[in-house]
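Visitor: Data: run20.txt, compact mmCIF, N, CA and C atoms.
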```txt
# COMPACT_ATOMS: atom_id res chain seq x y z
N MET T 1 0.82 -1.20 0.00
CA MET T 1 0.00 0.00 0.00
C MET T 1 0.87 1.27 0.00
N ALA T 2 2.00 1.22 0.72
CA ALA T 2 2.90 2.38 0.75
C ALA T 2 3.41 2.70 -0.65
N PHE T 3 3.71 1.67 -1.43
CA PHE T 3 4.21 1.89 -2.78
C PHE T 3 3.15 2.57 -3.64
N PHE T 4 1.89 2.20 -3.48
CA PHE T 4 0.80 2.84 -4.21
C PHE T 4 0.75 4.33 -3.89
N PHE T 5 0.84 4.67 -2.59
CA PHE T 5 0.80 6.07 -2.20
C PHE T 5 2.02 6.82 -2.70
N ALA T 6 3.18 6.16 -2.71
CA ALA T 6 4.38 6.78 -3.25
C ALA T 6 4.22 7.08 -4.74
N LEU T 7 3.66 6.13 -5.48
CA LEU T 7 3.40 6.36 -6.92
C LEU T 7 2.39 7.48 -7.13
N ALA T 8 1.34 7.50 -6.31
CA ALA T 8 0.34 8.56 -6.42
C ALA T 8 0.98 9.92 -6.14
N THR T 9 1.84 9.97 -5.13
CA THR T 9 2.54 11.21 -4.80
C THR T 9 3.41 11.67 -5.96
N MET T 10 4.16 10.73 -6.53
CA MET T 10 5.02 11.06 -7.66
C MET T 10 4.20 11.65 -8.81
N PHE T 11 3.08 11.01 -9.14
CA PHE T 11 2.24 11.49 -10.24
C PHE T 11 1.65 12.86 -9.92
N LEU T 12 1.10 13.02 -8.72
CA LEU T 12 0.46 14.28 -8.35
C LEU T 12 1.48 15.42 -8.26
N TRP T 13 2.62 15.16 -7.60
CA TRP T 13 3.65 16.19 -7.50
C TRP T 13 4.29 16.47 -8.85
N GLY T 14 4.31 15.49 -9.73
CA GLY T 14 4.85 15.70 -11.07
C GLY T 14 3.91 16.46 -11.98
N THR T 15 2.62 16.39 -11.69
CA THR T 15 1.60 17.07 -12.50
C THR T 15 1.33 18.49 -12.01
N SER T 16 1.42 18.72 -10.70
CA SER T 16 1.03 20.03 -10.17
C SER T 16 1.86 21.20 -10.70
N PRO T 17 3.17 21.06 -10.98
CA PRO T 17 3.88 22.22 -11.55
C PRO T 17 3.33 22.64 -12.91
N LEU T 18 2.89 21.69 -13.70
CA LEU T 18 2.28 22.02 -14.98
C LEU T 18 1.01 22.84 -14.77
N LEU T 19 0.17 22.39 -13.85
CA LEU T 19 -1.07 23.11 -13.56
C LEU T 19 -0.77 24.51 -13.02
N GLY T 20 0.24 24.60 -12.14
CA GLY T 20 0.62 25.90 -11.60
C GLY T 20 1.16 26.83 -12.66
N LYS T 21 2.00 26.31 -13.54
CA LYS T 21 2.57 27.12 -14.62
C LYS T 21 1.48 27.68 -15.52
N ILE T 22 0.49 26.84 -15.83
CA ILE T 22 -0.63 27.29 -16.67
C ILE T 22 -1.42 28.39 -15.96
N ALA T 23 -1.72 28.20 -14.67
CA ALA T 23 -2.49 29.19 -13.91
C ALA T 23 -1.72 30.49 -13.75
N LEU T 24 -0.40 30.38 -13.51
CA LEU T 24 0.40 31.58 -13.25
C LEU T 24 0.61 32.44 -14.48
N ALA T 25 0.25 31.94 -15.64
CA ALA T 25 0.33 32.77 -16.85
C ALA T 25 -0.61 33.97 -16.75
N ARG T 26 -1.71 33.79 -15.97
CA ARG T 26 -2.70 34.86 -15.84
C ARG T 26 -2.92 35.31 -14.40
N LEU T 27 -2.12 34.77 -13.46
CA LEU T 27 -2.31 35.13 -12.05
C LEU T 27 -1.01 35.62 -11.44
N ASP T 28 -1.13 36.55 -10.53
CA ASP T 28 -0.01 36.97 -9.71
C ASP T 28 0.26 35.85 -8.70
N PRO T 29 1.53 35.55 -8.40
CA PRO T 29 1.83 34.47 -7.46
C PRO T 29 1.17 34.62 -6.09
N VAL T 30 1.07 35.84 -5.56
CA VAL T 30 0.43 36.04 -4.26
C VAL T 30 -1.05 35.69 -4.34
N VAL T 31 -1.72 36.13 -5.39
CA VAL T 31 -3.14 35.82 -5.57
C VAL T 31 -3.33 34.32 -5.75
N ALA T 32 -2.47 33.70 -6.55
CA ALA T 32 -2.56 32.26 -6.79
C ALA T 32 -2.37 31.47 -5.50
N LEU T 33 -1.39 31.84 -4.70
CA LEU T 33 -1.14 31.12 -3.45
C LEU T 33 -2.27 31.33 -2.46
N THR T 34 -2.83 32.52 -2.43
CA THR T 34 -3.96 32.80 -1.55
C THR T 34 -5.16 31.94 -1.93
N LEU T 35 -5.47 31.90 -3.22
CA LEU T 35 -6.59 31.09 -3.69
C LEU T 35 -6.35 29.61 -3.40
N ARG T 36 -5.18 29.14 -3.74
CA ARG T 36 -4.81 27.73 -3.53
C ARG T 36 -4.90 27.36 -2.06
N SER T 37 -4.34 28.21 -1.19
CA SER T 37 -4.34 27.92 0.24
C SER T 37 -5.74 27.96 0.83
N GLY T 38 -6.57 28.88 0.34
CA GLY T 38 -7.95 28.95 0.82
C GLY T 38 -8.74 27.70 0.49
N VAL T 39 -8.59 27.23 -0.74
CA VAL T 39 -9.29 26.02 -1.16
C VAL T 39 -8.79 24.81 -0.37
N ILE T 40 -7.48 24.73 -0.18
CA ILE T 40 -6.90 23.62 0.60
C ILE T 40 -7.40 23.67 2.04
N THR T 41 -7.48 24.85 2.63
CA THR T 41 -7.97 24.98 4.00
C THR T 41 -9.40 24.47 4.11
N LEU T 42 -10.25 24.86 3.18
CA LEU T 42 -11.64 24.38 3.20
C LEU T 42 -11.71 22.86 3.05
N CYS T 43 -10.90 22.31 2.15
CA CYS T 43 -10.88 20.86 1.96
C CYS T 43 -10.39 20.14 3.20
N LEU T 44 -9.36 20.67 3.84
CA LEU T 44 -8.84 20.04 5.05
C LEU T 44 -9.82 20.14 6.21
N LEU T 45 -10.53 21.24 6.33
CA LEU T 45 -11.56 21.36 7.37
C LEU T 45 -12.67 20.33 7.14
N ALA T 46 -13.08 20.18 5.89
CA ALA T 46 -14.11 19.18 5.58
C ALA T 46 -13.59 17.77 5.87
N LEU T 47 -12.37 17.47 5.48
CA LEU T 47 -11.79 16.16 5.75
C LEU T 47 -11.70 15.89 7.25
N SER T 48 -11.26 16.89 8.02
CA SER T 48 -11.18 16.75 9.47
C SER T 48 -12.55 16.53 10.09
N LEU T 49 -13.52 17.24 9.58
CA LEU T 49 -14.89 17.10 10.09
C LEU T 49 -15.43 15.71 9.81
N PHE T 50 -15.34 15.26 8.57
CA PHE T 50 -15.90 13.97 8.17
C PHE T 50 -15.12 12.77 8.71
N SER T 51 -13.84 12.98 9.02
CA SER T 51 -13.05 11.89 9.57
C SER T 51 -13.09 11.86 11.10
N GLY T 52 -13.76 12.82 11.69
CA GLY T 52 -13.88 12.88 13.15
C GLY T 52 -12.65 13.42 13.84
N LYS T 53 -11.78 14.10 13.12
CA LYS T 53 -10.53 14.60 13.71
C LYS T 53 -10.53 16.10 13.96
N LEU T 54 -11.65 16.75 13.72
CA LEU T 54 -11.71 18.20 13.91
C LEU T 54 -11.46 18.57 15.37
N GLY T 55 -11.99 17.79 16.28
CA GLY T 55 -11.81 18.06 17.71
C GLY T 55 -10.37 17.97 18.16
N ALA T 56 -9.56 17.19 17.45
CA ALA T 56 -8.15 17.03 17.82
C ALA T 56 -7.38 18.33 17.64
N LEU T 57 -7.89 19.24 16.82
CA LEU T 57 -7.21 20.53 16.63
C LEU T 57 -7.14 21.31 17.94
N GLY T 58 -8.16 21.18 18.75
CA GLY T 58 -8.20 21.88 20.03
C GLY T 58 -7.32 21.26 21.09
N GLN T 59 -6.76 20.09 20.82
CA GLN T 59 -5.93 19.38 21.80
C GLN T 59 -4.44 19.45 21.48
N VAL T 60 -4.07 20.24 20.49
CA VAL T 60 -2.66 20.36 20.10
C VAL T 60 -1.93 21.19 21.16
N ASP T 61 -0.79 20.67 21.64
CA ASP T 61 -0.02 21.41 22.64
C ASP T 61 0.69 22.60 21.98
N ALA T 62 1.04 23.59 22.81
CA ALA T 62 1.60 24.84 22.31
C ALA T 62 2.92 24.63 21.58
N ARG T 63 3.77 23.74 22.08
CA ARG T 63 5.07 23.51 21.45
C ARG T 63 4.90 22.93 20.04
N SER T 64 4.04 21.93 19.92
CA SER T 64 3.78 21.33 18.61
C SER T 64 3.15 22.35 17.67
N ALA T 65 2.24 23.16 18.20
CA ALA T 65 1.59 24.19 17.38
C ALA T 65 2.61 25.20 16.86
N LEU T 66 3.55 25.59 17.72
CA LEU T 66 4.59 26.54 17.31
C LEU T 66 5.45 25.95 16.20
N TRP T 67 5.92 24.70 16.37
CA TRP T 67 6.79 24.08 15.36
C TRP T 67 6.07 23.88 14.03
N ILE T 68 4.81 23.43 14.08
CA ILE T 68 4.09 23.19 12.82
C ILE T 68 3.71 24.52 12.16
N THR T 69 3.52 25.57 12.97
CA THR T 69 3.26 26.90 12.41
C THR T 69 4.51 27.42 11.69
N MET T 70 5.67 27.24 12.31
CA MET T 70 6.91 27.67 11.66
C MET T 70 7.17 26.86 10.40
N GLU T 71 6.85 25.56 10.43
CA GLU T 71 6.99 24.72 9.23
C GLU T 71 6.08 25.23 8.13
N GLY T 72 4.85 25.59 8.48
CA GLY T 72 3.90 26.09 7.50
C GLY T 72 4.33 27.41 6.89
N ILE T 73 4.85 28.30 7.73
CA ILE T 73 5.33 29.59 7.21
C ILE T 73 6.53 29.38 6.29
N SER T 74 7.44 28.50 6.70
CA SER T 74 8.63 28.24 5.90
C SER T 74 8.29 27.54 4.59
N GLY T 75 7.58 26.43 4.67
CA GLY T 75 7.33 25.62 3.48
C GLY T 75 6.11 26.04 2.68
N SER T 76 4.99 26.15 3.36
CA SER T 76 3.74 26.40 2.62
C SER T 76 3.56 27.86 2.22
N LEU T 77 4.02 28.79 3.03
CA LEU T 77 3.86 30.20 2.67
C LEU T 77 5.06 30.71 1.87
N LEU T 78 6.19 30.84 2.52
CA LEU T 78 7.35 31.45 1.86
C LEU T 78 7.92 30.55 0.76
N GLY T 79 8.02 29.25 1.05
CA GLY T 79 8.55 28.32 0.05
C GLY T 79 7.69 28.25 -1.19
N HIS T 80 6.37 28.14 -1.00
CA HIS T 80 5.49 28.07 -2.17
C HIS T 80 5.39 29.41 -2.89
N LEU T 81 5.49 30.50 -2.16
CA LEU T 81 5.48 31.80 -2.83
C LEU T 81 6.72 31.94 -3.72
N ALA T 82 7.89 31.56 -3.20
CA ALA T 82 9.11 31.60 -4.01
C ALA T 82 8.99 30.65 -5.20
N TYR T 83 8.43 29.48 -4.94
CA TYR T 83 8.22 28.48 -6.00
C TYR T 83 7.30 29.02 -7.09
N PHE T 84 6.20 29.68 -6.71
CA PHE T 84 5.28 30.24 -7.70
C PHE T 84 5.96 31.33 -8.52
N TYR T 85 6.77 32.18 -7.89
CA TYR T 85 7.50 33.20 -8.65
C TYR T 85 8.48 32.54 -9.61
N ALA T 86 9.17 31.49 -9.15
CA ALA T 86 10.10 30.78 -10.03
C ALA T 86 9.36 30.16 -11.21
N LEU T 87 8.20 29.53 -10.94
CA LEU T 87 7.42 28.94 -12.02
C LEU T 87 6.94 29.99 -13.01
N LYS T 88 6.50 31.13 -12.49
CA LYS T 88 5.97 32.18 -13.36
C LYS T 88 7.07 32.74 -14.26
N MET T 89 8.28 32.89 -13.73
CA MET T 89 9.36 33.53 -14.48
C MET T 89 10.23 32.55 -15.27
N GLY T 90 10.26 31.30 -14.84
CA GLY T 90 11.17 30.34 -15.47
C GLY T 90 10.44 29.27 -16.25
N ASN T 91 11.19 28.29 -16.70
CA ASN T 91 10.56 27.18 -17.40
C ASN T 91 10.64 25.93 -16.53
N LEU T 92 9.70 25.03 -16.74
CA LEU T 92 9.58 23.83 -15.91
C LEU T 92 10.87 23.01 -15.89
N ALA T 93 11.52 22.89 -17.02
CA ALA T 93 12.71 22.04 -17.13
C ALA T 93 13.86 22.52 -16.24
N GLN T 94 13.91 23.80 -15.92
CA GLN T 94 14.96 24.31 -15.04
C GLN T 94 14.47 24.48 -13.60
N VAL T 95 13.27 24.97 -13.43
CA VAL T 95 12.76 25.27 -12.08
C VAL T 95 12.54 24.00 -11.26
N ILE T 96 11.91 23.00 -11.84
CA ILE T 96 11.52 21.82 -11.06
C ILE T 96 12.73 21.03 -10.55
N PRO T 97 13.75 20.75 -11.36
CA PRO T 97 14.90 20.02 -10.79
C PRO T 97 15.59 20.77 -9.64
N VAL T 98 15.67 22.08 -9.74
CA VAL T 98 16.30 22.85 -8.67
C VAL T 98 15.44 22.80 -7.41
N THR T 99 14.15 23.05 -7.54
CA THR T 99 13.29 23.02 -6.36
C THR T 99 13.16 21.61 -5.79
N ALA T 100 13.27 20.62 -6.64
CA ALA T 100 13.15 19.23 -6.18
C ALA T 100 14.41 18.76 -5.44
N ALA T 101 15.43 19.60 -5.37
CA ALA T 101 16.64 19.25 -4.63
C ALA T 101 16.52 19.61 -3.15
N TYR T 102 15.33 19.98 -2.71
CA TYR T 102 15.15 20.37 -1.31
C TYR T 102 15.54 19.28 -0.31
N PRO T 103 15.48 17.98 -0.64
CA PRO T 103 15.95 16.99 0.35
C PRO T 103 17.42 17.17 0.72
N LEU T 104 18.20 17.75 -0.17
CA LEU T 104 19.60 18.02 0.13
C LEU T 104 19.71 18.99 1.30
N VAL T 105 18.90 20.04 1.29
CA VAL T 105 18.90 21.02 2.38
C VAL T 105 18.42 20.36 3.67
N ALA T 106 17.35 19.57 3.56
CA ALA T 106 16.83 18.88 4.75
C ALA T 106 17.87 17.93 5.34
N ALA T 107 18.58 17.21 4.48
CA ALA T 107 19.62 16.29 4.95
C ALA T 107 20.74 17.06 5.64
N LEU T 108 21.12 18.20 5.08
CA LEU T 108 22.16 19.02 5.69
C LEU T 108 21.73 19.50 7.08
N TRP T 109 20.48 19.98 7.19
CA TRP T 109 19.95 20.39 8.50
C TRP T 109 19.96 19.21 9.47
N GLY T 110 19.62 18.03 8.96
CA GLY T 110 19.62 16.85 9.82
C GLY T 110 21.00 16.56 10.38
N VAL T 111 22.02 16.69 9.56
CA VAL T 111 23.39 16.45 10.01
C VAL T 111 23.83 17.54 10.99
N VAL T 112 23.58 18.80 10.64
CA VAL T 112 24.07 19.92 11.44
C VAL T 112 23.30 20.07 12.75
N LEU T 113 21.98 19.98 12.71
CA LEU T 113 21.18 20.29 13.89
C LEU T 113 20.65 19.08 14.65
N LEU T 114 20.45 17.96 13.96
CA LEU T 114 19.84 16.80 14.62
C LEU T 114 20.80 15.66 14.87
N GLY T 115 22.04 15.81 14.43
CA GLY T 115 23.03 14.78 14.67
C GLY T 115 22.90 13.55 13.78
N ASP T 116 22.22 13.67 12.64
CA ASP T 116 22.14 12.54 11.70
C ASP T 116 23.53 12.22 11.19
N ARG T 117 23.77 10.95 10.92
CA ARG T 117 25.08 10.53 10.42
C ARG T 117 25.21 10.83 8.93
N LEU T 118 26.36 11.34 8.55
CA LEU T 118 26.68 11.54 7.13
C LEU T 118 27.55 10.37 6.69
N THR T 119 26.96 9.46 5.95
CA THR T 119 27.70 8.30 5.45
C THR T 119 28.30 8.61 4.09
N VAL T 120 29.16 7.74 3.63
CA VAL T 120 29.76 7.89 2.31
C VAL T 120 28.67 7.90 1.24
N GLY T 121 27.72 6.98 1.36
CA GLY T 121 26.63 6.90 0.37
C GLY T 121 25.79 8.16 0.35
N ARG T 122 25.46 8.68 1.53
CA ARG T 122 24.66 9.91 1.59
C ARG T 122 25.44 11.10 1.05
N GLY T 123 26.73 11.16 1.38
CA GLY T 123 27.58 12.24 0.87
C GLY T 123 27.70 12.19 -0.64
N LEU T 124 27.88 10.99 -1.18
CA LEU T 124 27.97 10.82 -2.63
C LEU T 124 26.64 11.18 -3.29
N GLY T 125 25.55 10.75 -2.69
CA GLY T 125 24.22 11.11 -3.22
C GLY T 125 24.01 12.61 -3.24
N ALA T 126 24.41 13.29 -2.15
CA ALA T 126 24.28 14.74 -2.08
C ALA T 126 25.13 15.41 -3.15
N LEU T 127 26.33 14.91 -3.35
CA LEU T 127 27.21 15.46 -4.40
C LEU T 127 26.57 15.31 -5.78
N LEU T 128 25.97 14.16 -6.03
CA LEU T 128 25.30 13.94 -7.32
C LEU T 128 24.12 14.89 -7.51
N VAL T 129 23.39 15.17 -6.44
CA VAL T 129 22.28 16.13 -6.52
C VAL T 129 22.81 17.50 -6.87
N VAL T 130 23.88 17.92 -6.21
CA VAL T 130 24.48 19.24 -6.48
C VAL T 130 24.95 19.32 -7.93
N ILE T 131 25.60 18.27 -8.41
CA ILE T 131 26.05 18.25 -9.81
C ILE T 131 24.86 18.32 -10.76
N GLY T 132 23.80 17.58 -10.44
CA GLY T 132 22.60 17.61 -11.28
C GLY T 132 21.95 18.98 -11.33
N VAL T 133 21.84 19.63 -10.19
CA VAL T 133 21.26 20.98 -10.15
C VAL T 133 22.13 21.95 -10.94
N TRP T 134 23.43 21.83 -10.79
CA TRP T 134 24.35 22.69 -11.53
C TRP T 134 24.20 22.48 -13.04
N LEU T 135 24.11 21.22 -13.47
CA LEU T 135 23.96 20.93 -14.90
C LEU T 135 22.65 21.47 -15.45
N VAL T 136 21.57 21.30 -14.72
CA VAL T 136 20.26 21.78 -15.16
C VAL T 136 20.22 23.31 -15.22
N SER T 137 20.83 23.95 -14.24
CA SER T 137 20.79 25.42 -14.20
C SER T 137 21.62 26.06 -15.30
N ARG T 138 22.57 25.32 -15.85
CA ARG T 138 23.41 25.86 -16.92
C ARG T 138 22.75 25.77 -18.28
N SER T 139 21.81 24.89 -18.46
CA SER T 139 21.24 24.68 -19.79
C SER T 139 20.07 25.56 -20.08
```
For the file at hand, write its structure as structure tokens.

Guide:
Amino acid sequence: MAFFFALATMFLWGTSPLLGKIALARLDPVVALTLRSGVITLCLLALSLFSGKLGALGQVDARSALWITMEGISGSLLGHLAYFYALKMGNLAQVIPVTAAYPLVAALWGVVLLGDRLTVGRGLGALLVVIGVWLVSRS
């Protein structure tokens, strides 16, 4: 079942930049992100309501709320706003490989701040990602 969800994620995440690029031809990135986020918020509220998890929102501790709020501001607000501007101004073939290298940054934070081990394989993989981003950005 996990493999099915991974494939679904790959397809959906691979398709959404195309949809965003088409929409951003006629929309300002701030307006687009506002509309997108509003629709997602309504969908998530409905999902929480119908799944019986709406009440759990009131039971979130302050520390978890702070961390997930900072994650949302970093990734969903600022990250997606930068992503929408990149999509609007650039082409998919260059923008998507660069933005898709975000696991490299996450891995670096893991090593520096969380004490994750940097193995030879992970280091080599990171180097290959950097080389790939460099090659894509040059063309």

Visitor: Pick out the closest residue to Gly20 in chain T from this set: T:Ala107, T:Ile131, T:Leu77, T:Leu87. Count only C-alpha atoms.

Guide: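 Smallest distance to Gly20 in chain T is found for T:Leu87.
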
Visitor: Which residue gives the smallest distance to Leu127 in chain T among T:Ala25, T:Ala101, T:Met10, T:Val111, with only C-alpha atoms counted?

Guide: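 Counting only C-alpha atoms, the residue closest to Leu127 in chain T is T:Ala101.
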
Visitor: Do you know which residues are at most 8 Å from Val130 in chain T counting only N, CA and C atoms, after dropping those on the same chain fewer than 5 positions away, and could you put them as a ChimeraX atom specification?

Guide: /T:101,104,124-125,135-136

Visitor: Which of chain T end up as alpha helix (DSSP H) when DSSP is run on this backbone - answer as a PyMOL selection string?

Guide: chain T and resi 2-24+29-51+62-71+80-89+92-99+102-114+120-138

Visitor: What are the centre and the three edge lengths of an axis-aligned box that wraps all atoms of range 47-56 of chain T in the file, given that 6 Å is added to every side, written as AutoDock Vina command-line options and rounded to one decimal in Å?

Guide:
```
--center_x -11.6 --center_y 15.2 --center_z 11.8 --size_x 20.5 --size_y 18.7 --size_z 24.7
```

Visitor: Please, what distance in Å, to one decimal, runs between CA of Ile68 in chain T and atom N of Thr41 in chain T?

Guide: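 CA of Ile68 in chain T sits 15.5 Å away from atom N of Thr41 in chain T.
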
Visitor: Quote the spacing between CA of Gly72 in chain T and CA of Ser51 in chain T in Å to one decimal place.

Guide: 22.2 Å

Visitor: Restricting the calculation to only N, CA and C atoms: of T:Met1, T:Pro103, T:Val31, T:Val95, which residue gets closest to Ala126 in chain T?

Guide: T:Pro103

Visitor: Kindly output range 55-65 of chain T as a short mmCIF file (atom, residue, chain, number, x, y, z; two decimals), in the coordinates of the input, after building all heavy atoms.

Guide:
```cif
data_model
loop_
_atom_site.label_atom_id
_atom_site.label_comp_id
_atom_site.auth_asym_id
_atom_site.auth_seq_id
_atom_site.Cartn_x
_atom_site.Cartn_y
_atom_site.Cartn_z
N GLY T 55 -11.99 17.79 16.28
CA GLY T 55 -11.81 18.06 17.71
C GLY T 55 -10.37 17.97 18.16
O GLY T 55 -9.96 18.61 19.13
N ALA T 56 -9.56 17.19 17.45
CA ALA T 56 -8.15 17.03 17.82
C ALA T 56 -7.38 18.33 17.64
O ALA T 56 -6.34 18.52 18.27
CB ALA T 56 -7.51 15.92 16.99
N LEU T 57 -7.89 19.24 16.82
CA LEU T 57 -7.21 20.53 16.63
C LEU T 57 -7.14 21.31 17.94
O LEU T 57 -6.17 22.02 18.19
CB LEU T 57 -7.92 21.36 15.56
CG LEU T 57 -7.75 20.89 14.12
CD1 LEU T 57 -8.65 21.70 13.19
CD2 LEU T 57 -6.31 20.98 13.69
N GLY T 58 -8.16 21.18 18.75
CA GLY T 58 -8.20 21.88 20.03
C GLY T 58 -7.32 21.26 21.09
O GLY T 58 -7.14 21.82 22.17
N GLN T 59 -6.76 20.09 20.82
CA GLN T 59 -5.93 19.38 21.80
C GLN T 59 -4.44 19.45 21.48
O GLN T 59 -3.63 18.82 22.15
CB GLN T 59 -6.37 17.92 21.86
CG GLN T 59 -7.81 17.75 22.29
CD GLN T 59 -8.29 16.31 22.15
OE1 GLN T 59 -7.54 15.44 21.76
NE2 GLN T 59 -9.55 16.09 22.48
N VAL T 60 -4.07 20.24 20.49
CA VAL T 60 -2.66 20.36 20.10
C VAL T 60 -1.93 21.19 21.16
O VAL T 60 -2.38 22.27 21.52
CB VAL T 60 -2.52 21.00 18.71
CG1 VAL T 60 -1.07 21.24 18.36
CG2 VAL T 60 -3.21 20.15 17.66
N ASP T 61 -0.79 20.67 21.64
CA ASP T 61 -0.02 21.41 22.64
C ASP T 61 0.69 22.60 21.98
O ASP T 61 0.93 22.61 20.78
CB ASP T 61 0.98 20.49 23.34
CG ASP T 61 2.03 19.95 22.39
OD1 ASP T 61 1.74 18.98 21.66
OD2 ASP T 61 3.14 20.51 22.37
N ALA T 62 1.04 23.59 22.81
CA ALA T 62 1.60 24.84 22.31
C ALA T 62 2.92 24.63 21.58
O ALA T 62 3.17 25.26 20.54
CB ALA T 62 1.79 25.83 23.46
N ARG T 63 3.77 23.74 22.08
CA ARG T 63 5.07 23.51 21.45
C ARG T 63 4.90 22.93 20.04
O ARG T 63 5.54 23.39 19.09
CB ARG T 63 5.92 22.59 22.31
CG ARG T 63 7.32 22.40 21.79
CD ARG T 63 8.20 21.68 22.81
NE ARG T 63 9.57 21.67 22.37
CZ ARG T 63 10.20 20.59 21.91
NH1 ARG T 63 9.58 19.43 21.86
NH2 ARG T 63 11.45 20.66 21.53
N SER T 64 4.04 21.93 19.92
CA SER T 64 3.78 21.33 18.61
C SER T 64 3.15 22.35 17.67
O SER T 64 3.49 22.40 16.48
CB SER T 64 2.87 20.11 18.74
OG SER T 64 3.50 19.10 19.50
N ALA T 65 2.24 23.16 18.20
CA ALA T 65 1.59 24.19 17.38
C ALA T 65 2.61 25.20 16.86
O ALA T 65 2.55 25.61 15.70
CB ALA T 65 0.49 24.89 18.17
#
```
